[in-house]
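**Q** Following this line is structure.txt, made up of compact mmCIF, C-alpha atoms and all ligand atoms:
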# COMPACT_ATOMS: atom_id res chain seq x y z
CA MET U 17 -9.70 -28.79 103.39
CA PRO U 18 -9.11 -25.18 102.66
CA ILE U 19 -5.61 -23.70 102.72
CA VAL U 20 -2.51 -25.91 102.82
CA ASN U 21 -0.88 -25.21 106.22
CA ARG U 22 2.68 -25.12 104.98
CA LEU U 23 1.68 -22.50 102.41
CA ALA U 24 -0.05 -20.38 105.04
CA ASP U 25 3.27 -20.48 106.95
CA MET U 26 5.10 -19.31 103.82
CA SER U 27 2.72 -16.40 103.22
CA ASP U 28 4.97 -13.66 104.62
CA GLU U 29 7.88 -14.77 102.48
CA ILE U 30 5.72 -14.97 99.34
CA THR U 31 4.17 -11.58 100.13
CA ALA U 32 7.66 -10.08 100.36
CA TRP U 33 8.49 -11.39 96.86
CA ARG U 34 5.18 -9.99 95.59
CA ARG U 35 5.85 -6.54 96.98
CA ASP U 36 9.39 -6.55 95.64
CA PHE U 37 7.99 -7.27 92.14
CA HIS U 38 5.40 -4.57 92.74
CA GLU U 39 8.05 -1.96 93.52
CA ASN U 40 10.02 -2.88 90.41
CA PRO U 41 7.53 -3.22 87.55
CA GLU U 42 8.76 -4.07 84.07
CA ILE U 43 6.58 -3.97 80.98
CA LEU U 44 6.28 -6.37 78.03
CA TYR U 45 9.55 -8.16 77.27
CA GLU U 46 11.57 -5.96 79.63
CA THR U 47 11.06 -8.42 82.49
CA VAL U 48 14.80 -8.95 82.98
CA ARG U 49 15.07 -8.15 86.67
CA THR U 50 11.85 -10.02 87.44
CA GLY U 51 12.96 -13.04 85.42
CA GLN U 52 16.36 -13.01 87.10
CA LYS U 53 14.82 -13.01 90.55
CA VAL U 54 12.41 -15.77 89.53
CA ALA U 55 15.30 -17.89 88.21
CA GLU U 56 17.41 -17.29 91.34
CA LEU U 57 14.56 -18.24 93.65
CA LEU U 58 13.76 -21.37 91.63
CA GLU U 59 17.45 -22.40 91.82
CA SER U 60 17.42 -21.82 95.58
CA PHE U 61 14.35 -24.07 95.93
CA GLY U 62 16.35 -26.93 94.38
CA LEU U 63 14.39 -27.32 91.14
CA ASP U 64 15.65 -30.02 88.78
CA GLU U 65 16.05 -27.56 85.92
CA VAL U 66 15.78 -23.79 85.49
CA THR U 67 15.96 -22.33 81.99
CA PRO U 68 15.85 -18.57 81.42
CA GLY U 69 15.59 -16.86 78.04
CA ILE U 70 12.58 -18.77 76.68
CA GLY U 71 10.39 -16.32 74.72
CA LYS U 72 13.09 -13.66 75.15
CA THR U 73 12.75 -13.10 78.91
CA GLY U 74 10.56 -15.99 80.06
CA VAL U 75 11.73 -18.59 82.59
CA VAL U 76 10.89 -22.30 82.74
CA GLY U 77 11.41 -24.45 85.83
CA VAL U 78 11.10 -28.24 86.14
CA ILE U 79 10.18 -30.19 89.28
CA LYS U 80 10.28 -33.98 89.07
CA GLY U 81 8.08 -36.06 91.33
CA ARG U 82 9.11 -38.87 93.68
CA ASN U 83 9.26 -41.37 90.84
CA GLY U 84 11.94 -39.35 89.06
CA GLY U 85 9.46 -37.53 86.86
CA ALA U 86 8.19 -40.40 84.70
CA GLY U 87 4.62 -40.19 83.43
CA ARG U 88 2.55 -37.11 82.80
CA THR U 89 3.74 -33.51 82.74
CA ILE U 90 1.58 -30.63 83.98
CA GLY U 91 2.37 -27.01 83.05
CA LEU U 92 1.46 -24.16 85.40
CA ARG U 93 1.72 -20.65 84.01
CA ALA U 94 2.16 -17.19 85.54
CA ASP U 95 2.71 -13.84 83.80
CA MET U 96 5.38 -11.38 84.99
CA ASP U 97 4.80 -8.08 83.13
CA ALA U 98 3.41 -4.76 84.36
CA LEU U 99 1.62 -1.90 82.58
CA PRO U 100 2.50 1.64 81.44
CA ILE U 101 0.30 3.29 84.10
CA GLU U 102 1.23 5.83 86.79
CA GLU U 103 0.47 4.18 90.14
CA ALA U 104 -1.96 5.92 92.52
CA THR U 105 -2.32 3.38 95.34
CA GLY U 106 -0.18 5.33 97.83
CA LYS U 107 0.99 1.96 99.21
CA PRO U 108 4.40 1.81 100.97
CA TYR U 109 5.56 -0.69 98.33
CA ALA U 110 4.20 1.36 95.39
CA SER U 111 6.09 1.37 92.10
CA LYS U 112 9.51 3.00 92.20
CA ILE U 113 9.43 3.44 88.43
CA PRO U 114 7.49 6.44 87.10
CA GLY U 115 4.82 5.57 84.56
CA LYS U 116 4.91 1.82 85.21
CA MET U 117 2.95 -0.29 87.64
CA HIS U 118 1.64 -3.77 88.33
CA ALA U 119 -2.01 -2.89 87.67
CA CYS U 120 -3.09 -6.37 86.57
CA GLY U 121 -1.72 -8.36 89.52
CA HIS U 122 0.93 -10.24 87.56
CA ASP U 123 3.25 -9.53 90.52
CA GLY U 124 0.89 -11.67 92.59
CA HIS U 125 0.59 -14.37 89.91
CA THR U 126 4.38 -14.67 89.75
CA ALA U 127 4.77 -14.76 93.54
CA MET U 128 2.03 -17.40 93.95
CA LEU U 129 3.59 -19.70 91.37
CA LEU U 130 6.98 -19.26 93.06
CA GLY U 131 5.38 -20.21 96.38
CA ALA U 132 3.85 -23.30 94.82
CA ALA U 133 7.18 -24.21 93.18
CA LYS U 134 8.97 -23.95 96.52
CA TYR U 135 6.41 -26.20 98.20
CA LEU U 136 6.39 -28.74 95.36
CA ALA U 137 10.21 -28.91 95.24
CA GLU U 138 10.26 -29.43 99.02
CA THR U 139 7.51 -32.05 99.30
CA ARG U 140 7.48 -33.79 95.88
CA ASN U 141 4.29 -35.49 96.85
CA PHE U 142 3.49 -36.48 93.26
CA ASP U 143 4.59 -38.82 90.47
CA GLY U 144 5.33 -37.16 87.13
CA THR U 145 6.70 -33.75 86.24
CA VAL U 146 5.62 -30.18 86.87
CA VAL U 147 6.76 -27.39 84.57
CA VAL U 148 6.40 -23.89 86.02
CA ILE U 149 6.15 -21.28 83.27
CA PHE U 150 6.90 -17.58 83.92
CA GLN U 151 6.11 -15.57 80.81
CA PRO U 152 6.78 -11.98 79.78
CA ALA U 153 4.58 -9.68 77.72
CA GLU U 154 1.05 -10.85 78.46
CA GLU U 155 -0.19 -7.26 78.10
CA GLY U 156 -0.26 -7.05 74.33
CA GLY U 157 3.10 -8.60 73.42
CA ALA U 158 2.01 -12.25 73.10
CA GLY U 159 4.74 -13.52 75.43
CA ALA U 160 2.95 -16.88 75.69
CA LYS U 161 3.25 -17.30 71.92
CA ALA U 162 6.93 -16.31 72.03
CA MET U 163 7.57 -19.07 74.58
CA ILE U 164 5.64 -21.61 72.47
CA ASP U 165 7.64 -20.55 69.40
CA ASP U 166 10.78 -21.26 71.45
CA GLY U 167 9.62 -24.84 71.97
CA LEU U 168 7.90 -24.57 75.35
CA MET U 169 5.47 -27.43 74.71
CA THR U 170 7.96 -29.81 73.11
CA ARG U 171 11.29 -29.18 74.87
CA TRP U 172 9.28 -29.89 78.01
CA PRO U 173 6.66 -32.39 76.88
CA ILE U 174 3.70 -30.72 78.57
CA ASP U 175 0.46 -32.74 78.53
CA GLU U 176 -1.88 -30.24 80.16
CA VAL U 177 -1.54 -26.57 81.02
CA TYR U 178 -3.29 -24.39 83.61
CA GLY U 179 -3.50 -20.63 84.18
CA MET U 180 -4.97 -18.38 86.87
CA HIS U 181 -5.90 -14.69 87.01
CA ASN U 182 -6.99 -12.64 90.00
CA PHE U 183 -10.50 -11.22 89.75
CA PRO U 184 -11.52 -7.94 91.43
CA GLY U 185 -15.06 -7.97 92.75
CA LEU U 186 -15.08 -11.66 93.63
CA PRO U 187 -14.39 -12.33 97.35
CA VAL U 188 -10.96 -13.69 98.27
CA GLY U 189 -11.21 -17.45 98.67
CA GLU U 190 -13.71 -17.83 95.83
CA PHE U 191 -13.10 -18.90 92.24
CA ALA U 192 -14.88 -18.57 88.89
CA ILE U 193 -14.49 -20.54 85.68
CA ARG U 194 -16.47 -21.74 82.67
CA LYS U 195 -16.13 -24.32 79.92
CA GLY U 196 -15.39 -23.04 76.43
CA ALA U 197 -14.75 -19.37 75.68
CA ILE U 198 -13.88 -17.49 78.87
CA MET U 199 -12.08 -14.51 77.30
CA ALA U 200 -12.37 -12.84 73.92
CA ALA U 201 -10.31 -12.67 70.77
CA THR U 202 -8.90 -9.15 70.54
CA ASP U 203 -8.32 -7.75 67.07
CA GLU U 204 -7.24 -4.29 66.01
CA PHE U 205 -8.08 -2.20 62.95
CA ARG U 206 -7.15 1.07 61.29
CA ILE U 207 -9.07 2.58 58.40
CA THR U 208 -7.39 5.38 56.48
CA ILE U 209 -9.80 7.33 54.31
CA THR U 210 -8.19 9.50 51.65
CA GLY U 211 -10.45 12.10 50.05
CA ARG U 212 -9.63 15.48 48.55
CA GLY U 213 -8.96 18.39 50.87
CA GLY U 214 -9.88 21.98 50.20
CA HIS U 215 -11.62 25.14 51.39
CA ALA U 216 -14.34 24.54 53.97
CA ALA U 217 -16.54 27.03 52.10
CA LYS U 218 -16.28 25.06 48.85
CA PRO U 219 -17.25 21.49 49.87
CA HIS U 220 -18.36 20.67 46.33
CA GLU U 221 -14.75 20.88 45.21
CA THR U 222 -13.61 18.43 47.87
CA ILE U 223 -14.17 14.82 48.87
CA ASP U 224 -14.69 15.17 52.59
CA PRO U 225 -13.14 12.30 54.61
CA VAL U 226 -14.79 13.52 57.82
CA VAL U 227 -18.29 13.00 56.41
CA ILE U 228 -17.29 9.66 54.89
CA GLY U 229 -15.63 8.54 58.12
CA SER U 230 -18.78 9.39 60.06
CA GLN U 231 -20.85 7.17 57.75
CA VAL U 232 -18.32 4.38 58.20
CA VAL U 233 -18.49 4.65 62.00
CA SER U 234 -22.30 4.42 61.88
CA ALA U 235 -22.34 1.53 59.45
CA LEU U 236 -19.80 -0.46 61.49
CA GLN U 237 -22.42 -0.64 64.26
CA THR U 238 -24.47 -2.95 62.04
CA ILE U 239 -21.87 -5.74 62.35
CA ALA U 240 -23.04 -6.38 65.91
CA SER U 241 -26.69 -5.43 65.41
CA ARG U 242 -27.43 -6.88 61.95
CA ASN U 243 -24.74 -9.38 60.96
CA ALA U 244 -24.06 -11.32 64.16
CA ASP U 245 -26.42 -13.92 65.54
CA PRO U 246 -28.13 -12.09 68.42
CA LEU U 247 -27.21 -14.95 70.75
CA LYS U 248 -23.51 -14.58 69.98
CA SER U 249 -21.23 -11.79 71.15
CA VAL U 250 -19.19 -9.32 69.17
CA VAL U 251 -17.94 -5.83 70.01
CA VAL U 252 -16.83 -3.37 67.32
CA SER U 253 -15.52 -0.17 68.90
CA VAL U 254 -14.13 2.79 66.96
CA THR U 255 -11.86 4.36 69.56
CA THR U 256 -10.04 7.11 67.65
CA PHE U 257 -11.13 9.35 64.77
CA ASN U 258 -8.40 11.73 63.64
CA ALA U 259 -8.82 14.26 60.85
CA GLY U 260 -7.93 17.85 60.13
CA ASN U 261 -6.53 20.64 62.27
CA ALA U 262 -8.20 23.86 61.12
CA PHE U 263 -11.81 25.03 61.34
CA ASN U 264 -11.90 26.29 57.77
CA VAL U 265 -10.16 23.45 55.95
CA ILE U 266 -11.65 20.18 54.78
CA PRO U 267 -8.84 17.72 55.40
CA GLN U 268 -7.37 15.31 52.94
CA GLU U 269 -7.48 12.32 55.20
CA ALA U 270 -9.28 10.74 58.17
CA VAL U 271 -7.95 7.84 60.22
CA LEU U 272 -10.23 5.64 62.31
CA ARG U 273 -8.86 3.10 64.74
CA GLY U 274 -10.53 0.57 66.99
CA THR U 275 -10.91 -2.98 68.21
CA VAL U 276 -13.05 -6.02 67.51
CA ARG U 277 -13.77 -8.52 70.31
CA SER U 278 -15.39 -11.88 69.75
CA LEU U 279 -15.84 -15.28 71.42
CA ASP U 280 -16.29 -17.51 68.41
CA PRO U 281 -14.04 -18.11 65.35
CA GLU U 282 -16.91 -17.79 62.85
CA ILE U 283 -18.07 -14.48 64.31
CA ARG U 284 -14.46 -13.31 64.29
CA ASP U 285 -14.08 -14.12 60.57
CA MET U 286 -17.43 -12.53 59.79
CA ALA U 287 -16.60 -9.32 61.66
CA GLU U 288 -13.27 -8.94 59.85
CA LYS U 289 -14.89 -9.52 56.46
CA ARG U 290 -17.79 -7.12 57.10
CA LEU U 291 -15.53 -4.42 58.53
CA LYS U 292 -13.38 -4.46 55.41
CA ALA U 293 -16.40 -4.49 53.08
CA ILE U 294 -18.23 -1.68 54.88
CA ALA U 295 -15.18 0.57 55.09
CA THR U 296 -14.18 0.02 51.47
CA THR U 297 -17.54 0.21 49.74
CA ILE U 298 -18.87 3.21 51.66
CA THR U 299 -15.66 5.11 51.08
CA GLU U 300 -15.57 4.24 47.39
CA SER U 301 -19.20 5.22 46.91
CA PHE U 302 -18.16 8.78 47.84
CA GLY U 303 -15.22 8.72 45.42
CA ALA U 304 -12.59 8.39 48.14
CA LYS U 305 -10.18 5.58 48.89
CA ALA U 306 -9.97 3.40 51.99
CA ASP U 307 -6.94 1.51 53.25
CA VAL U 308 -7.96 -1.06 55.83
CA PHE U 309 -5.38 -2.53 58.15
CA PHE U 310 -6.67 -5.41 60.28
CA ARG U 311 -4.44 -7.24 62.73
CA ARG U 312 -5.53 -10.31 64.61
CA GLY U 313 -4.48 -10.20 68.24
CA TYR U 314 -4.94 -12.87 70.87
CA PRO U 315 -7.27 -15.73 70.00
CA VAL U 316 -10.28 -16.69 72.10
CA THR U 317 -9.27 -18.18 75.47
CA ALA U 318 -11.19 -21.44 75.27
CA ASN U 319 -11.19 -23.77 78.26
CA HIS U 320 -11.27 -27.51 77.60
CA ASP U 321 -14.23 -29.37 79.14
CA ASP U 322 -12.51 -32.13 81.15
CA GLN U 323 -9.75 -29.86 82.46
CA THR U 324 -12.34 -27.23 83.44
CA ASP U 325 -14.27 -29.80 85.48
CA PHE U 326 -11.01 -30.90 87.05
CA ALA U 327 -9.89 -27.32 87.87
CA ALA U 328 -13.33 -26.46 89.29
CA GLY U 329 -13.13 -29.53 91.53
CA ILE U 330 -9.72 -28.48 92.89
CA ALA U 331 -10.99 -24.93 93.43
CA GLU U 332 -13.97 -26.27 95.35
CA GLU U 333 -11.66 -28.34 97.56
CA ILE U 334 -9.82 -25.14 98.48
CA ALA U 335 -12.75 -22.72 98.60
CA GLY U 336 -15.54 -24.96 99.84
CA LYS U 337 -18.93 -25.84 98.41
CA GLY U 338 -20.82 -23.00 96.73
CA LYS U 339 -17.68 -20.84 96.45
CA VAL U 340 -16.85 -21.70 92.86
CA ILE U 341 -18.86 -20.17 90.03
CA THR U 342 -18.69 -22.69 87.17
CA ASP U 343 -20.61 -20.71 84.55
CA ILE U 344 -19.26 -17.17 84.81
CA ALA U 345 -20.10 -15.04 81.78
CA PRO U 346 -17.14 -14.68 79.39
CA MET U 347 -15.07 -11.50 79.58
CA MET U 348 -14.60 -9.42 76.42
CA GLY U 349 -10.99 -8.68 77.41
CA GLY U 350 -8.17 -10.75 75.94
CA GLU U 351 -5.56 -13.07 77.44
CA ASP U 352 -2.58 -14.66 75.74
CA PHE U 353 -2.87 -17.89 77.75
CA SER U 354 -5.23 -18.58 74.83
CA TYR U 355 -2.18 -19.59 72.75
CA MET U 356 -1.25 -22.24 75.31
CA LEU U 357 -4.82 -23.58 75.31
CA GLU U 358 -4.62 -23.86 71.52
CA GLU U 359 -1.57 -26.13 71.96
CA ARG U 360 -2.63 -28.28 74.90
CA PRO U 361 -5.76 -29.10 76.89
CA GLY U 362 -6.12 -27.05 80.04
CA ALA U 363 -8.12 -24.43 81.89
CA PHE U 364 -7.90 -20.81 82.94
CA ILE U 365 -9.51 -19.90 86.27
CA PHE U 366 -10.32 -16.62 88.04
CA ALA U 367 -9.47 -16.26 91.73
CA GLY U 368 -11.23 -13.60 93.83
CA ASN U 369 -9.18 -10.47 94.58
CA GLY U 370 -11.84 -9.02 96.90
CA ASP U 371 -13.17 -5.52 96.78
CA SER U 372 -10.26 -3.90 94.93
CA ALA U 373 -10.11 -1.34 92.13
CA GLY U 374 -10.52 -2.92 88.71
CA LEU U 375 -7.71 -4.38 86.63
CA HIS U 376 -5.62 -1.73 84.80
CA HIS U 377 -6.81 0.99 87.20
CA PRO U 378 -4.11 3.23 88.79
CA GLU U 379 -5.48 2.37 92.26
CA TYR U 380 -5.58 -1.37 91.67
CA ASP U 381 -3.48 -3.60 93.92
CA PHE U 382 -3.15 -7.38 94.11
CA ASN U 383 -4.66 -8.67 97.37
CA ASP U 384 -2.00 -10.50 99.40
CA ASP U 385 -4.73 -12.48 101.20
CA LEU U 386 -5.14 -14.35 97.93
CA ILE U 387 -1.60 -15.76 98.16
CA PRO U 388 -2.27 -18.84 100.35
CA VAL U 389 -5.47 -19.53 98.37
CA GLY U 390 -3.81 -19.37 94.95
CA CYS U 391 -0.76 -21.34 96.08
CA SER U 392 -2.99 -24.03 97.59
CA TYR U 393 -4.89 -24.29 94.30
CA TRP U 394 -1.65 -24.87 92.38
CA VAL U 395 -0.23 -27.53 94.68
CA ARG U 396 -3.49 -29.46 95.10
CA LEU U 397 -3.97 -29.37 91.36
CA VAL U 398 -0.56 -31.02 90.90
CA GLU U 399 -0.96 -33.54 93.72
CA THR U 400 -4.39 -34.56 92.40
CA ALA U 401 -3.47 -34.67 88.70
CA LEU U 402 -0.26 -36.59 89.37
CA PRO U 403 -0.99 -38.89 92.32
CA THR U 404 1.82 -40.98 93.79
CA ALA U 405 1.65 -44.72 93.17
CA ALA U 406 2.33 -45.65 96.78
ZN ZN K 1 -4.06 -6.96 82.18
ZN ZN K 2 -3.54 -9.74 83.56
Just give me the structure as structure tokens.
Ligand SMILES: [Zn+2]
Ligand SMILES: [Zn+2]
**A**
Amino acid sequence: MPIVNRLADMSDEITAWRRDFHENPEILYETVRTGQKVAELLESFGLDEVTPGIGKTGVVGVIKGRNGGAGRTIGLRADMDALPIEEATGKPYASKIPGKMHACGHDGHTAMLLGAAKYLAETRNFDGTVVVIFQPAEEGGAGAKAMIDDGLMTRWPIDEVYGMHNFPGLPVGEFAIRKGAIMAATDEFRITITGRGGHAAKPHETIDPVVIGSQVVSALQTIASRNADPLKSVVVSVTTFNAGNAFNVIPQEAVLRGTVRSLDPEIRDMAEKRLKAIATTITESFGAKADVFFRRGYPVTANHDDQTDFAAGIAEEIAGKGKVITDIAPMMGGEDFSYMLEERPGAFIFAGNGDSAGLHHPEYDFNDDLIPVGCSYWVRLVETALPTAA
């Protein structure tokens, strides 16, 4: 049973929504136009409830099953935001807004969930309630958390929650998932080293933050190589090192910035602790001062076991045997669906986007062939999780 026929018939309409979102990208919480269109379409499908303004610009829609909605409630989530990237696809429906584009396929995620909502509102071939969640600000703004803080999980008593992301490099029609950590925690740091500036020819009268910063960068490499269990993953990347602006002056200050990625709460705690200790003690040993700013970003996206098995089973129904990878290696990128999985059991699945440019690349484009596949996954998931009594 691959694609649901009715959804294949709706593909052109869903593709048109997708390309309209693509032409009009909005970043972070700016998703006003997108959210408005989502809300209008949901109203036109005859949903039982449409609530905009959750998590600033998020939209929540409710579809009750044949039994009036009693019983379990399943949440399905899509993200709506684009990225601050100049598009280079040359497609006829390329971004009309300079410097912004849908380079992560959230235009496709939004369109697919709309397609599923239309089908589910039309057929209602389930008992229970479906909550469709359209969130802003996945790309660094924690829109999922903003929606949770606005009562997403309690105003609509969601029992389980599911998410999907397109996956370049995996053929269209195939899926990939894993139990446990599937995406990383993403933390950010900034180390400001204050020494004593002076003449480059008189280093002995200075405390050189460039030399100290270099030692700190080297020593930070030992978090992954010497502190972490070799069988567990952690990435510590120093991505900017700013100091000085003249060849003959030792600067007063050096600022290092970077990111820590991890898949395990203990490793995450360890990396934060070691980073602070290394930066502070090395700097102090040279007589300079370190200010360490460490901000925790998205938590680990951790799939729940039972819901992962369930999601993989639905994916296999759609894709066919052997077309679902159930033990894909975790990605070191982050995803704010993690906040929803901290609140409720659920699973996050990857759906093949074919041979496209990578996510966040200026030539990336969501593959419209994925639309009937992704929509079919959503509706079969609902119809299987919430079977009708009759
Ligand atoms: Zn992204
Ligand atoms: Zn994304």
**Q** What does the list of residues within 8 Å of ligand ZN 1 (chain K) look like if you count all atoms listed in the file, written as a list in words?
**A**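 My answer, listing the contacting residues, is Leu99, Ala119, Cys120, Gly121, Glu154, Glu155, Glu351, Leu375 and His376 of chain U.
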**Q** What is the CA of Ala162 (chain U) to CA of Met356 (chain U) distance in Å?
**A**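 Between CA of Ala162 (chain U) and CA of Met356 (chain U) the gap works out to 10.6 Å.
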**Q** Rounded to one decimal place, report the CA of Ala287 (chain U)-CA of His181 (chain U) distance in Å.
**A**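 Taking CA of Ala287 (chain U) as the start and CA of His181 (chain U) as the end point, the length is 28.0 Å.
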**Q** Would you mind reading off the distance between CA of Thr73 (chain U) and CA of Gly87 (chain U), one decimal, in Å?
**A**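 Calculated distance between CA of Thr73 (chain U) and CA of Gly87 (chain U) is 28.6 Å.
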**Q** Can you tell me, as an mmCIF file with C-alpha atoms, in the frame of the given file, what residues are no more than 7 Å from region 303-320 of chain U when counting all atoms listed in the file, ignoring any on the same chain fewer than 2 positions away?
**A**
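Okay, result12.cif is ready:
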data_model
loop_
_atom_site.group_PDB
_atom_site.id
_atom_site.type_symbol
_atom_site.label_atom_id
_atom_site.label_comp_id
_atom_site.auth_asym_id
_atom_site.auth_seq_id
_atom_site.Cartn_x
_atom_site.Cartn_y
_atom_site.Cartn_z
ATOM 1 C CA LYS U 195 -16.130 -24.320 79.920
ATOM 2 C CA GLY U 196 -15.390 -23.040 76.430
ATOM 3 C CA ALA U 197 -14.750 -19.370 75.680
ATOM 4 C CA ILE U 198 -13.880 -17.490 78.870
ATOM 5 C CA MET U 199 -12.080 -14.510 77.300
ATOM 6 C CA ALA U 200 -12.370 -12.840 73.920
ATOM 7 C CA ALA U 201 -10.310 -12.670 70.770
ATOM 8 C CA THR U 202 -8.900 -9.150 70.540
ATOM 9 C CA ASP U 203 -8.320 -7.750 67.070
ATOM 10 C CA GLU U 204 -7.240 -4.290 66.010
ATOM 11 C CA PHE U 205 -8.080 -2.200 62.950
ATOM 12 C CA ARG U 206 -7.150 1.070 61.290
ATOM 13 C CA ILE U 207 -9.070 2.580 58.400
ATOM 14 C CA THR U 208 -7.390 5.380 56.480
ATOM 15 C CA ILE U 209 -9.800 7.330 54.310
ATOM 16 C CA THR U 210 -8.190 9.500 51.650
ATOM 17 C CA GLY U 211 -10.450 12.100 50.050
ATOM 18 C CA ILE U 223 -14.170 14.820 48.870
ATOM 19 C CA LEU U 279 -15.840 -15.280 71.420
ATOM 20 C CA LYS U 292 -13.380 -4.460 55.410
ATOM 21 C CA ALA U 295 -15.180 0.570 55.090
ATOM 22 C CA THR U 296 -14.180 0.020 51.470
ATOM 23 C CA THR U 299 -15.660 5.110 51.080
ATOM 24 C CA GLU U 300 -15.570 4.240 47.390
ATOM 25 C CA SER U 301 -19.200 5.220 46.910
ATOM 26 C CA ASP U 322 -12.510 -32.130 81.150
ATOM 27 C CA GLN U 323 -9.750 -29.860 82.460
ATOM 28 C CA THR U 324 -12.340 -27.230 83.440
ATOM 29 C CA GLY U 350 -8.170 -10.750 75.940
ATOM 30 C CA GLU U 351 -5.560 -13.070 77.440
ATOM 31 C CA ASP U 352 -2.580 -14.660 75.740
ATOM 32 C CA PHE U 353 -2.870 -17.890 77.750
ATOM 33 C CA SER U 354 -5.230 -18.580 74.830
ATOM 34 C CA TYR U 355 -2.180 -19.590 72.750
ATOM 35 C CA LEU U 357 -4.820 -23.580 75.310
ATOM 36 C CA PRO U 361 -5.760 -29.100 76.890
ATOM 37 C CA GLY U 362 -6.120 -27.050 80.040
ATOM 38 C CA ALA U 363 -8.120 -24.430 81.890
ATOM 39 C CA PHE U 364 -7.900 -20.810 82.940
#
**Q** Tell me which of U:Asn258, U:Ser253, U:Thr297, U:Asn369 sits closest to Val276 (chain U), counting only C-alpha atoms.
**A**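 Ranked by minimum distance to Val276 (chain U), first place goes to U:Ser253.
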**Q** Give me the residues near Tyr135 (chain U) as a ChimeraX atom specification, where near means some atom within 12 Å (using only C-alpha atoms) and where sequence neighbours in that chain fewer than 2 positions away do not count.
**A** /U:20-27,30,58,61-63,79,128-133,137-142,388,391-392,394-396,398-399
**Q** Select, from U:Ile70, U:Val188, U:Val147, U:Ala335, the residue with the minimum atom-to-atom distance to Ile164 (chain U), counting all atoms listed in the file.
**A**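 So, comparing all the options, the nearest one is U:Ile70.
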**Q** Determine, counting only C-alpha atoms, which protein, DNA and RNA residues have an atom within 10 Å of an atom of Gln231 (chain U); residues of the same chain fewer than 4 positions away are not included. Present the result as a VMD selection string.
**A** chain U and resid 225 to 227 235 to 236 294 to 295 298 to 299
**Q** Give the answer as one residue: which of U:Pro267, U:Gly185, U:Gly115, U:Gly374 has the shortest atom-to-atom distance to ligand ZN 2 (chain K), using only C-alpha atoms and all ligand atoms?
**A**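 Of U:Pro267, U:Gly185, U:Gly115, U:Gly374, the one nearest ligand ZN 2 (chain K) is U:Gly374, counting only C-alpha atoms and all ligand atoms.
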**Q** Which of these, U:Gly144, U:Lys134, U:Ala158, U:His118, has the shortest distance to Ala405 (chain U) once you count only C-alpha atoms?
**A**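 Checking each of U:Gly144, U:Lys134, U:Ala158, U:His118 against Ala405 (chain U), counting only C-alpha atoms, the winner is U:Gly144.
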**Q** Using all atoms listed in the file, find the one residue out of U:Tyr109, U:Phe263, U:Phe150, U:Phe183 that sits nearest to ligand ZN 2 (chain K).
**A** U:Phe183
**Q** Considering only C-alpha atoms, can you say which of U:Lys116, U:Arg88, U:Arg277, U:Lys289 comes closest to Pro100 (chain U)?
**A**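 For Pro100 (chain U), the nearest of the given residues is U:Lys116.
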**Q** Would you mind completing region 100-111 of chain U so that it carries N, CA and C atoms, and writing it out as a PDB file, in the frame of the given file?
**A**
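Written file, result-v4.pdb:
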ATOM      1  N   PRO U 100       2.050   0.232  81.481  1.00  0.00           N
ATOM      2  CA  PRO U 100       2.500   1.640  81.440  1.00  0.00           C
ATOM      3  C   PRO U 100       1.460   2.570  82.050  1.00  0.00           C
ATOM      4  N   ILE U 101       1.293   2.485  83.365  1.00  0.00           N
ATOM      5  CA  ILE U 101       0.300   3.290  84.100  1.00  0.00           C
ATOM      6  C   ILE U 101       1.021   3.910  85.297  1.00  0.00           C
ATOM      7  N   GLU U 102       0.660   5.141  85.614  1.00  0.00           N
ATOM      8  CA  GLU U 102       1.230   5.830  86.790  1.00  0.00           C
ATOM      9  C   GLU U 102       0.452   5.366  88.032  1.00  0.00           C
ATOM     10  N   GLU U 103       1.142   4.768  88.970  1.00  0.00           N
ATOM     11  CA  GLU U 103       0.470   4.180  90.140  1.00  0.00           C
ATOM     12  C   GLU U 103      -0.114   5.241  91.060  1.00  0.00           C
ATOM     13  N   ALA U 104      -1.305   4.976  91.599  1.00  0.00           N
ATOM     14  CA  ALA U 104      -1.960   5.920  92.520  1.00  0.00           C
ATOM     15  C   ALA U 104      -2.480   5.213  93.763  1.00  0.00           C
ATOM     16  N   THR U 105      -1.832   4.109  94.168  1.00  0.00           N
ATOM     17  CA  THR U 105      -2.320   3.380  95.340  1.00  0.00           C
ATOM     18  C   THR U 105      -1.866   4.030  96.642  1.00  0.00           C
ATOM     19  N   GLY U 106      -0.726   4.754  96.604  1.00  0.00           N
ATOM     20  CA  GLY U 106      -0.180   5.330  97.830  1.00  0.00           C
ATOM     21  C   GLY U 106       0.347   4.273  98.797  1.00  0.00           C
ATOM     22  N   LYS U 107       0.505   3.039  98.338  1.00  0.00           N
ATOM     23  CA  LYS U 107       0.990   1.960  99.210  1.00  0.00           C
ATOM     24  C   LYS U 107       2.488   2.147  99.489  1.00  0.00           C
ATOM     25  N   PRO U 108       2.968   1.667 100.656  1.00  0.00           N
ATOM     26  CA  PRO U 108       4.400   1.810 100.970  1.00  0.00           C
ATOM     27  C   PRO U 108       5.298   1.076  99.963  1.00  0.00           C
ATOM     28  N   TYR U 109       4.759   0.054  99.321  1.00  0.00           N
ATOM     29  CA  TYR U 109       5.560  -0.690  98.330  1.00  0.00           C
ATOM     30  C   TYR U 109       5.149  -0.317  96.902  1.00  0.00           C
ATOM     31  N   ALA U 110       4.620   0.919  96.745  1.00  0.00           N
ATOM     32  CA  ALA U 110       4.200   1.360  95.390  1.00  0.00           C
ATOM     33  C   ALA U 110       5.382   1.361  94.434  1.00  0.00           C
ATOM     34  N   SER U 111       5.069   1.392  93.152  1.00  0.00           N
ATOM     35  CA  SER U 111       6.090   1.370  92.100  1.00  0.00           C
ATOM     36  C   SER U 111       7.146   2.444  92.295  1.00  0.00           C
TER      37      SER U 111
END
